[in-house]
$ cat protein21.txt   # compact mmCIF, C-alpha atoms
# COMPACT_ATOMS: atom_id res chain seq x y z
CA MET W 1 -14.07 17.40 4.35
CA ASN W 2 -11.98 15.25 6.65
CA HIS W 3 -9.73 16.96 9.15
CA LEU W 4 -7.81 16.10 12.30
CA LYS W 5 -8.85 17.27 15.76
CA THR W 6 -7.06 19.99 17.64
CA ILE W 7 -6.47 19.32 21.31
CA ARG W 8 -4.61 21.66 23.61
CA SER W 9 -1.35 19.70 23.64
CA PRO W 10 -0.14 16.22 22.72
CA ILE W 11 -1.18 13.44 25.07
CA SER W 12 1.99 11.50 24.41
CA VAL W 13 5.37 12.53 23.05
CA ASN W 14 8.60 11.00 21.93
CA TYR W 15 11.19 13.12 23.67
CA GLU W 16 14.62 12.83 22.07
CA ILE W 17 16.58 13.34 25.30
CA THR W 18 19.89 13.22 23.47
CA PRO W 19 20.98 13.10 19.84
CA VAL W 20 23.92 10.92 20.84
CA CYS W 21 23.84 7.27 19.85
CA ASN W 22 26.38 4.49 20.22
CA LEU W 23 25.27 2.99 16.89
CA ARG W 24 25.20 4.57 13.46
CA CYS W 25 22.26 3.07 11.65
CA GLU W 26 22.45 3.70 7.94
CA PHE W 27 18.86 4.92 7.70
CA CYS W 28 18.71 6.92 10.97
CA PHE W 29 16.20 9.72 10.42
CA ALA W 30 17.67 11.63 13.38
CA GLU W 31 21.24 11.29 12.02
CA SER W 32 22.28 10.24 15.52
CA GLU W 33 25.84 9.21 16.24
CA CYS W 34 28.43 9.19 19.00
CA SER W 35 30.25 12.39 17.94
CA LEU W 36 27.27 14.61 18.82
CA LYS W 37 26.92 16.40 22.17
CA HIS W 38 24.48 15.69 24.97
CA PRO W 39 22.27 18.59 26.09
CA SER W 40 22.67 19.75 29.68
CA LEU W 41 20.62 18.11 32.42
CA ASP W 42 19.13 21.54 33.20
CA GLN W 43 17.78 21.82 29.68
CA VAL W 44 16.28 18.34 29.83
CA ILE W 45 14.59 19.22 33.14
CA ARG W 46 13.22 22.46 31.66
CA ILE W 47 11.73 20.55 28.75
CA ILE W 48 10.16 17.94 31.04
CA ASP W 49 8.68 20.76 33.15
CA GLU W 50 7.18 22.36 30.06
CA LEU W 51 5.71 19.03 28.90
CA HIS W 52 4.22 18.52 32.36
CA ASN W 53 2.82 22.06 32.48
CA ALA W 54 1.22 21.57 29.07
CA GLY W 55 -0.65 18.49 30.30
CA VAL W 56 1.35 15.86 28.42
CA PHE W 57 0.53 12.52 30.05
CA GLU W 58 3.21 10.28 28.64
CA ILE W 59 6.84 10.61 27.59
CA ARG W 60 8.59 7.99 25.50
CA LEU W 61 12.28 8.41 26.32
CA PHE W 62 13.88 8.56 22.92
CA GLY W 63 17.14 9.42 21.19
CA GLY W 64 19.70 9.11 19.79
CA GLU W 65 20.06 6.41 22.36
CA PHE W 66 18.49 7.47 25.65
CA PHE W 67 20.77 5.30 27.78
CA THR W 68 23.92 7.02 26.50
CA PHE W 69 22.83 10.14 28.41
CA PRO W 70 25.13 10.16 31.45
CA LYS W 71 22.39 11.25 33.87
CA TRP W 72 19.53 9.20 32.43
CA LYS W 73 18.65 7.87 35.88
CA LYS W 74 18.01 11.40 37.20
CA ILE W 75 15.67 12.07 34.28
CA VAL W 76 13.66 8.92 34.94
CA GLU W 77 13.40 9.76 38.64
CA TYR W 78 12.45 13.39 37.96
CA ALA W 79 9.73 12.57 35.44
CA ASN W 80 8.36 9.80 37.64
CA LYS W 81 8.10 12.20 40.58
CA LYS W 82 5.95 14.40 38.34
CA GLU W 83 3.76 11.33 37.79
CA ILE W 84 4.33 11.34 34.04
CA PHE W 85 3.82 7.92 32.43
CA LEU W 86 7.14 6.80 31.01
CA SER W 87 8.30 4.29 28.45
CA PHE W 88 11.38 4.11 26.25
CA VAL W 89 12.60 3.40 22.73
CA SER W 90 16.11 2.00 22.74
CA ASN W 91 18.67 -0.08 20.87
CA ALA W 92 19.05 -2.00 24.17
CA THR W 93 22.82 -2.28 23.91
CA LEU W 94 23.29 -0.56 27.29
CA ILE W 95 20.39 -2.21 29.10
CA THR W 96 21.42 -4.51 31.94
CA PRO W 97 19.38 -6.12 34.75
CA GLU W 98 20.44 -3.18 36.99
CA VAL W 99 19.10 -0.68 34.44
CA VAL W 100 15.82 -2.59 34.30
CA ASP W 101 15.51 -2.47 38.11
CA ILE W 102 15.84 1.32 38.01
CA LEU W 103 13.24 1.60 35.25
CA ILE W 104 10.75 -0.59 37.07
CA SER W 105 11.26 1.17 40.40
CA ASN W 106 10.33 4.40 38.60
CA GLY W 107 7.03 3.11 37.29
CA ILE W 108 8.13 2.10 33.80
CA LYS W 109 6.20 -0.92 32.60
CA SER W 110 7.03 -1.12 28.92
CA GLY W 111 9.40 -0.11 26.17
CA ALA W 112 10.41 -0.71 22.59
CA ILE W 113 13.68 -2.15 21.32
CA SER W 114 14.89 -1.66 17.75
CA ILE W 115 16.18 -4.78 16.06
CA HIS W 116 16.55 -4.34 12.34
CA GLY W 117 16.57 -8.01 11.34
CA PRO W 118 18.59 -11.14 12.08
CA GLU W 119 22.17 -10.71 13.34
CA SER W 120 23.93 -10.17 10.01
CA VAL W 121 21.32 -7.67 8.82
CA HIS W 122 21.18 -5.80 12.13
CA ASP W 123 24.94 -5.44 12.48
CA SER W 124 25.27 -4.41 8.85
CA ILE W 125 22.68 -1.64 9.34
CA THR W 126 24.01 -0.40 12.69
CA LYS W 127 27.63 -0.50 11.44
CA VAL W 128 28.64 -1.96 14.79
CA ASN W 129 29.64 -5.61 15.00
CA GLY W 130 28.19 -7.23 18.08
CA SER W 131 25.31 -4.75 18.36
CA TYR W 132 22.77 -7.52 17.72
CA LYS W 133 24.17 -9.71 20.49
CA ARG W 134 24.10 -6.74 22.89
CA ALA W 135 20.53 -5.88 21.87
CA ILE W 136 19.51 -9.46 22.56
CA ARG W 137 21.13 -9.32 26.01
CA GLY W 138 19.27 -6.07 26.70
CA LEU W 139 16.01 -7.56 25.48
CA GLN W 140 16.51 -10.56 27.76
CA ALA W 141 17.21 -8.29 30.74
CA CYS W 142 14.00 -6.37 30.07
CA LEU W 143 11.84 -9.47 29.72
CA ASP W 144 13.43 -11.23 32.69
CA GLY W 145 12.89 -8.09 34.78
CA GLY W 146 9.19 -7.94 33.96
CA LEU W 147 8.99 -5.20 31.32
CA LYS W 148 6.63 -5.55 28.38
CA ILE W 149 8.69 -5.07 25.24
CA THR W 150 7.85 -4.44 21.62
CA VAL W 151 10.63 -5.37 19.21
CA LEU W 152 10.57 -2.90 16.33
CA THR W 153 12.05 -3.49 12.90
CA THR W 154 12.38 -0.60 10.49
CA ILE W 155 11.78 -2.40 7.25
CA THR W 156 14.44 -2.11 4.57
CA ARG W 157 15.39 -3.99 1.47
CA LYS W 158 18.06 -5.77 3.54
CA ALA W 159 15.53 -6.92 6.13
CA LYS W 160 12.59 -7.87 3.94
CA GLY W 161 12.35 -11.63 3.70
CA ARG W 162 14.68 -12.05 6.71
CA ILE W 163 12.17 -11.47 9.53
CA PRO W 164 11.41 -15.20 9.99
CA GLU W 165 15.13 -15.72 10.78
CA LEU W 166 14.92 -13.06 13.47
CA PHE W 167 12.00 -14.86 15.07
CA GLU W 168 13.66 -18.26 14.84
CA ASP W 169 16.58 -16.77 16.75
CA LEU W 170 14.41 -14.99 19.35
CA SER W 171 12.46 -18.21 19.85
CA SER W 172 15.57 -20.37 20.17
CA LYS W 173 16.81 -18.02 22.89
CA GLY W 174 13.55 -18.26 24.83
CA LEU W 175 12.69 -14.61 24.19
CA VAL W 176 9.31 -15.10 22.56
CA ARG W 177 7.14 -14.70 25.63
CA LYS W 178 3.73 -13.32 26.57
CA THR W 179 5.32 -9.97 27.37
CA LEU W 180 6.83 -9.62 23.89
CA SER W 181 5.12 -8.03 20.92
CA TYR W 182 6.39 -7.12 17.48
CA GLY W 183 6.08 -4.14 15.19
CA ILE W 184 7.36 -3.27 11.76
CA ASN W 185 8.01 0.42 11.16
CA ARG W 186 8.15 2.11 7.80
CA LEU W 187 11.41 3.42 6.45
CA CYS W 188 11.27 7.19 5.93
CA PRO W 189 13.47 9.37 3.70
CA TYR W 190 14.77 11.70 6.39
CA GLY W 191 18.27 12.13 7.80
CA ARG W 192 20.60 9.35 6.67
CA GLY W 193 17.53 7.49 5.40
CA LYS W 194 17.40 9.96 2.56
CA SER W 195 20.90 9.36 1.22
CA ASP W 196 20.38 5.84 -0.09
CA TRP W 197 16.61 5.94 -0.32
CA ASP W 198 16.30 4.22 -3.70
CA ASN W 199 18.40 1.27 -2.57
CA SER W 200 16.90 0.97 0.90
CA LYS W 201 13.18 1.50 0.41
CA ILE W 202 10.81 -1.36 -0.26
CA SER W 203 7.99 -1.39 -2.77
CA LEU W 204 4.25 -1.40 -2.23
CA GLU W 205 4.23 -5.06 -3.25
CA ASP W 206 6.84 -5.76 -0.57
CA TYR W 207 4.70 -4.00 2.04
CA LEU W 208 1.67 -6.03 1.04
CA LEU W 209 3.68 -9.21 1.65
CA LEU W 210 4.37 -8.06 5.21
CA PHE W 211 0.77 -8.45 6.29
CA PRO W 212 0.54 -12.24 5.83
CA LEU W 213 3.96 -12.42 7.47
CA LEU W 214 2.71 -10.50 10.52
CA GLU W 215 -0.25 -12.88 10.69
CA GLN W 216 2.08 -15.88 10.52
CA ILE W 217 4.23 -14.49 13.33
CA SER W 218 1.17 -13.87 15.50
CA SER W 219 -0.20 -17.31 14.82
CA LYS W 220 3.08 -19.26 15.11
CA TYR W 221 4.45 -17.49 18.19
CA GLY W 222 1.25 -16.32 19.90
CA ILE W 223 2.25 -12.67 20.12
CA ASP W 224 0.72 -9.44 18.83
CA SER W 225 2.38 -8.29 15.62
CA VAL W 226 1.50 -5.12 13.75
CA LEU W 227 2.62 -2.57 11.21
CA GLY W 228 3.41 0.10 13.77
CA ASP W 229 2.79 3.04 11.46
CA ALA W 230 0.10 4.44 9.23
CA PHE W 231 -0.60 3.04 5.77
CA PRO W 232 -3.34 3.97 3.29
CA LEU W 233 -6.05 1.43 4.01
CA CYS W 234 -7.38 1.63 0.46
CA LEU W 235 -4.17 -0.03 -0.75
CA VAL W 236 -4.40 -2.97 1.65
CA PRO W 237 -6.89 -5.86 1.54
CA GLU W 238 -9.52 -5.26 4.19
CA LYS W 239 -8.71 -8.52 5.99
CA TYR W 240 -5.36 -7.03 6.98
CA HIS W 241 -6.57 -3.63 8.20
CA TYR W 242 -6.52 -4.79 11.82
CA LEU W 243 -2.75 -5.20 11.53
CA ILE W 244 -2.20 -1.50 10.85
CA GLN W 245 -1.66 0.43 14.04
CA GLY W 246 -2.03 3.86 12.45
CA CYS W 247 -0.63 7.16 13.61
CA TRP W 248 -1.94 10.13 15.58
CA GLN W 249 0.95 12.50 14.98
CA GLY W 250 0.12 16.17 15.14
CA THR W 251 -3.05 15.53 17.15
CA GLY W 252 -2.54 13.38 20.26
CA PHE W 253 1.08 12.56 19.59
CA GLY W 254 4.15 14.70 19.03
CA HIS W 255 7.91 14.63 18.95
CA ILE W 256 10.26 16.87 20.90
CA SER W 257 13.84 17.15 19.70
CA SER W 258 16.76 17.37 22.12
CA SER W 259 16.86 21.13 21.58
CA GLY W 260 13.12 21.55 22.28
CA ASP W 261 11.82 21.72 18.71
CA VAL W 262 8.26 20.49 18.36
CA ARG W 263 7.40 18.18 15.48
CA GLY W 264 4.46 16.03 14.59
CA CYS W 265 6.55 12.90 14.41
CA ALA W 266 10.04 11.59 15.03
CA THR W 267 10.91 10.97 11.41
CA ALA W 268 10.02 14.41 10.06
CA LYS W 269 12.45 17.30 10.10
CA GLY W 270 11.74 20.96 10.73
CA SER W 271 9.91 22.53 13.65
CA TYR W 272 6.55 24.04 14.51
CA GLY W 273 8.25 26.04 17.25
CA ASN W 274 10.61 25.57 20.17
CA LEU W 275 9.02 24.88 23.55
CA LEU W 276 11.93 26.50 25.36
CA GLU W 277 10.84 29.76 23.69
CA ILE W 278 7.08 29.35 23.20
CA PRO W 279 4.72 27.37 25.46
CA LEU W 280 3.91 23.97 23.95
CA GLU W 281 0.17 24.61 24.13
CA LYS W 282 0.56 27.74 22.05
CA ILE W 283 2.59 25.85 19.45
CA TRP W 284 0.13 22.94 19.40
CA ILE W 285 -2.92 25.07 18.66
CA GLY W 286 -0.94 27.47 16.46
CA LYS W 287 -1.53 28.29 12.81
CA GLU W 288 1.05 25.91 11.33
CA MET W 289 -0.20 22.88 13.18
CA ARG W 290 -3.80 23.74 12.38
CA GLN W 291 -2.78 23.95 8.73
CA PHE W 292 -1.43 20.40 8.95
CA ARG W 293 -4.67 19.21 10.56
CA LYS W 294 -6.79 20.74 7.80
CA LEU W 295 -5.33 18.02 5.52
CA GLU W 296 -5.52 20.20 2.40
CA TRP W 297 -2.14 18.74 1.47
CA LEU W 298 -3.70 15.29 1.01
CA PRO W 299 -5.21 14.15 -2.31
CA LYS W 300 -8.84 15.24 -2.71
CA SER W 301 -9.88 11.58 -2.63
CA CYS W 302 -8.50 11.29 0.92
CA GLN W 303 -10.00 14.59 2.02
CA THR W 304 -13.46 13.37 1.09
CA CYS W 305 -13.03 9.64 1.80
CA GLU W 306 -15.92 8.25 3.86
CA ASP W 307 -13.65 5.64 5.45
CA PHE W 308 -10.94 8.15 6.27
CA CYS W 309 -7.83 6.42 7.63
CA GLY W 310 -5.59 9.48 7.93
CA GLY W 311 -4.13 8.99 4.46
CA GLY W 312 -1.14 6.89 5.48
CA CYS W 313 2.28 8.12 6.58
CA SER W 314 2.96 11.80 5.98
CA ALA W 315 6.72 11.28 6.44
CA SER W 316 7.14 8.49 3.89
CA ARG W 317 7.55 10.52 0.71
CA LEU W 318 10.93 11.78 -0.47
CA GLY W 319 11.07 15.58 -0.45
CA GLU W 320 11.92 18.62 1.58
CA ARG W 321 8.59 19.19 3.31
CA MET W 322 7.66 18.39 6.91
CA TYR W 323 4.68 16.41 5.68
CA SER W 324 3.30 15.23 2.36
CA PRO W 325 0.97 12.51 1.04
CA ASP W 326 1.99 8.90 1.58
CA GLU W 327 4.61 7.71 -0.91
CA PHE W 328 2.17 5.11 -2.27
CA LEU W 329 -0.88 7.33 -2.64
CA GLU W 330 -0.43 8.09 -6.31
CA GLY W 331 -2.86 5.95 -8.21
CA ALA W 332 -4.78 5.09 -5.10
CA ILE W 333 -8.46 4.48 -5.61
CA CYS W 334 -10.11 5.87 -2.52
CA MET Y 1 -14.72 -1.57 41.86
CA LEU Y 2 -11.33 -0.41 40.68
CA ILE Y 3 -9.84 0.80 37.42
CA ASN Y 4 -7.28 -1.80 36.45
CA GLN Y 5 -4.56 0.54 35.22
CA ARG Y 6 -3.11 3.97 35.88
CA PHE Y 7 -4.93 6.85 34.25
CA LYS Y 8 -4.79 10.63 34.01
CA ILE Y 9 -7.43 13.24 33.31
CA ARG Y 10 -7.26 16.71 31.82
CA LYS Y 11 -9.67 19.37 30.67
CA ASP Y 12 -9.23 19.95 26.96
CA ILE Y 13 -10.80 22.04 24.23
CA GLY Y 14 -14.55 21.48 24.58
CA LYS Y 15 -14.19 18.13 26.32
CA TRP Y 16 -12.26 16.14 28.89
CA LEU Y 17 -9.60 13.61 28.06
CA VAL Y 18 -8.96 10.51 30.13
CA TYR Y 19 -5.77 8.68 29.26
CA PHE Y 20 -5.48 5.05 30.33
CA GLU Y 21 -1.86 4.00 30.44
CA ASP Y 22 -2.34 0.70 28.60
CA ASP Y 23 -5.42 1.43 26.52
CA GLY Y 24 -4.99 5.05 25.47
CA PRO Y 25 -7.25 8.11 25.43
CA VAL Y 26 -11.01 8.37 25.81
CA GLU Y 27 -13.00 11.60 25.38
CA MET Y 28 -15.57 12.27 28.08
CA SER Y 29 -17.95 14.90 29.38
CA GLU Y 30 -16.89 16.71 32.55
CA MET Y 31 -19.24 14.64 34.70
CA SER Y 32 -18.07 11.32 33.25
CA ALA Y 33 -14.45 12.35 33.77
CA VAL Y 34 -15.17 13.30 37.38
CA ILE Y 35 -16.98 9.99 37.97
CA THR Y 36 -14.02 8.13 36.43
CA SER Y 37 -11.61 9.90 38.74
CA LEU Y 38 -13.86 9.09 41.71
CA ILE Y 39 -13.92 5.41 40.76
CA GLY Y 40 -10.18 5.52 41.33
CA GLU Y 41 -10.73 6.75 44.89
CA ILE Y 42 -14.10 5.36 46.04
CA LYS Y 43 -14.74 1.64 45.93
CA SER Y 44 -18.43 1.47 46.92
CA LYS Y 45 -21.02 2.35 44.29
CA ASP Y 46 -23.42 3.80 46.89
CA GLU Y 47 -20.74 6.10 48.21
CA LEU Y 48 -19.88 7.07 44.64
CA ILE Y 49 -23.52 8.01 43.93
CA LYS Y 50 -23.65 10.11 47.12
CA THR Y 51 -20.49 11.97 46.12
CA VAL Y 52 -21.81 12.62 42.60
CA ILE Y 53 -25.11 14.06 43.86
CA ASN Y 54 -23.19 16.42 46.16
CA LYS Y 55 -21.15 17.68 43.21
CA TYR Y 56 -23.98 17.73 40.64
CA PRO Y 57 -27.29 18.14 42.55
CA LYS Y 58 -29.37 18.43 39.38
CA CYS Y 59 -28.25 15.17 37.78
CA ASN Y 60 -29.62 11.65 38.11
CA PRO Y 61 -26.57 10.24 39.90
CA THR Y 62 -27.45 6.56 39.58
CA GLU Y 63 -27.97 6.90 35.86
CA GLU Y 64 -24.75 8.86 35.38
CA VAL Y 65 -22.66 6.46 37.46
CA ASP Y 66 -24.16 3.44 35.69
CA LYS Y 67 -23.41 5.01 32.32
CA VAL Y 68 -19.73 5.46 33.16
CA VAL Y 69 -19.37 2.10 34.90
CA ASN Y 70 -20.97 0.30 31.95
CA ALA Y 71 -18.72 2.09 29.48
CA LEU Y 72 -15.59 1.27 31.50
CA GLN Y 73 -16.74 -2.35 31.83
CA LYS Y 74 -17.21 -2.62 28.08
CA MET Y 75 -13.63 -1.43 27.63
CA ASN Y 76 -12.41 -4.00 30.19
CA LEU Y 77 -11.06 -1.22 32.38
CA LEU Y 78 -12.63 -2.34 35.66
CA SER Y 79 -11.52 -5.07 38.00
$ encode --input "protein21.txt" --output "structure tokens"
Amino acid sequence: MNHLKTIRSPISVNYEITPVCNLRCEFCFAESECSLKHPSLDQVIRIIDELHNAGVFEIRLFGGEFFTFPKWKKIVEYANKKEIFLSFVSNATLITPEVVDILISNGIKSGAISIHGPESVHDSITKVNGSYKRAIRGLQACLDGGLKITVLTTITRKAKGRIPELFEDLSSKGLVRKTLSYGINRLCPYGRGKSDWDNSKISLEDYLLLFPLLEQISSKYGIDSVLGDAFPLCLVPEKYHYLIQGCWQGTGFGHISSSGDVRGCATAKGSYGNLLEIPLEKIWIGKEMRQFRKLEWLPKSCQTCEDFCGGGCSASRLGERMYSPDEFLEGAIC
Amino acid sequence: MLINQRFKIRKDIGKWLVYFEDDGPVEMSEMSAVITSLIGEIKSKDELIKTVINKYPKCNPTEEVDKVVNALQKMNLLS
């Protein structure tokens, strides 16, 4: 039977430093917004210490929007002094050349910027007019400053079919460079993403059309383009498998909420334990996480599949559970 | 001989993990992990072999060092 490996702690985590965000994306799985409260700097430092003590190598500074945290610079400096590898996931609206200088001087080499489609689509999803223009300015600052950036689009019904427009715009602005890459993320029914799931989600057929699109982007613009999540490989023509990045949540990768709750991934809700109360290593090798790694919740065909791919995205199916089989797995011939 | 990116090493459950900042994790035996960490500090292969034999007197140091160097070369991790 297939199963996932248990290691003593995640190698890399998304750490949601703050739940506060200056945008209000309609599908935000974290339900971030500006009315929420930042945690204290002391709490953030305690969480970073615990991640360091547990042997976590890399922190992706995450939110909410990381750069809304008033003392974000202190966090970057503190984690860098502990020699933790750092990167960030941001909406880029607060990133300026000065911000980029601070990031680079603290060892940060790369990050990811969320752009949900061309300007009209992005601003419609974020509910903030002008957010696209600010994201583009932030992206330019990052690239000009020497950071490697992945632009990430969470794919929705609004965005599908509009990605070429986004690239035409990025290209016209001189932002398609060697240091840019592109990823499409799957929409997941958590947080606000759950409320309008039926109208936002895209179909399996739509997903399958993304693969030739990713190839076209790579070929036309000379940049790496991938589906940045897991997807059941048995549903995708083999020639496109190389475009699927996959996911190592719950094994080498984890998510830490702003309050210290440990999850397998950013999109899922719930908690395997709180690292401010229980050491991360104890949570990571604990019964609940081992249960996840046993994969008994996957269809039998996945559990016994000889070309096991992980079974796709365990946060993609509508429901109340922390993890469940990929939304498209029904009818899959494994 | 130098590893062309930052990396970190930790002892894990039944193995060692080496995490290369750009290329991700690789599982290794203790000796391979130690040799990898030494490659980050010692540039000459002869000196590296001498250090390995001091740490692991019973091993064939040339063979062990070559094994790790070849593996890292295959992964384009050496410059």
$ residues_near_point --input "protein21.txt" --point "(19.3, 21.3, 22.7)" --cutoff "8 Å" --atoms "all atoms listed in the file" --output "list in words"
His38, Pro39, Ser40, Gln43, Ser257, Ser258, Ser259 and Gly260 of chain W
$ interface_residues --input "protein21.txt" --of "chain Y" --to "chain W" --cutoff "12 Å" --atoms "all atoms listed in the file" --output "list in words"
Gln5, Arg6, Phe7, Lys8, Ile9, Arg10, Lys11, Asp12, Ile13, Gly14, Lys15, Trp16, Leu17, Val18, Tyr19, Phe20, Glu21, Asp22, Gly24, Pro25, Val26 and Glu27 of chain Y
$ closest_residue --input "protein21.txt" --among "W:Ala230, W:Leu208, W:Val44, W:Leu152" --to "W:Asn91" --atoms "all atoms listed in the file"
W:Leu152
$ residues_around --input "protein21.txt" --residues "stretch 66-71 of chain W" --least-positions-apart "5" --cutoff "8 Å" --atoms "all atoms listed in the file" --output "ChimeraX atom specification"
/W:16-18,20-22,38,41,61,88-90,94-95
$ write_last_selection --input "protein21.txt" --atoms "C-alpha atoms" --output "mmCIF file, keeping the file's coordinate frame"
data_model
loop_
_atom_site.group_PDB
_atom_site.id
_atom_site.type_symbol
_atom_site.label_atom_id
_atom_site.label_comp_id
_atom_site.auth_asym_id
_atom_site.auth_seq_id
_atom_site.Cartn_x
_atom_site.Cartn_y
_atom_site.Cartn_z
ATOM 1 C CA GLU W 16 14.620 12.830 22.070
ATOM 2 C CA ILE W 17 16.580 13.340 25.300
ATOM 3 C CA THR W 18 19.890 13.220 23.470
ATOM 4 C CA VAL W 20 23.920 10.920 20.840
ATOM 5 C CA CYS W 21 23.840 7.270 19.850
ATOM 6 C CA ASN W 22 26.380 4.490 20.220
ATOM 7 C CA HIS W 38 24.480 15.690 24.970
ATOM 8 C CA LEU W 41 20.620 18.110 32.420
ATOM 9 C CA LEU W 61 12.280 8.410 26.320
ATOM 10 C CA PHE W 88 11.380 4.110 26.250
ATOM 11 C CA VAL W 89 12.600 3.400 22.730
ATOM 12 C CA SER W 90 16.110 2.000 22.740
ATOM 13 C CA LEU W 94 23.290 -0.560 27.290
ATOM 14 C CA ILE W 95 20.390 -2.210 29.100
#
$ residues_near_point --input "protein21.txt" --point "(-24.0, 4.9, 37.6)" --cutoff "10 Å" --atoms "all atoms listed in the file" --output "PyMOL selection string"
chain Y and resi 32+35+45-46+48-49+52+60-70
$ closest_residue --input "protein21.txt" --among "W:Asp101, W:Asp229, W:Glu238, W:Glu281" --to "W:Thr251" --atoms "all atoms listed in the file"
W:Glu281
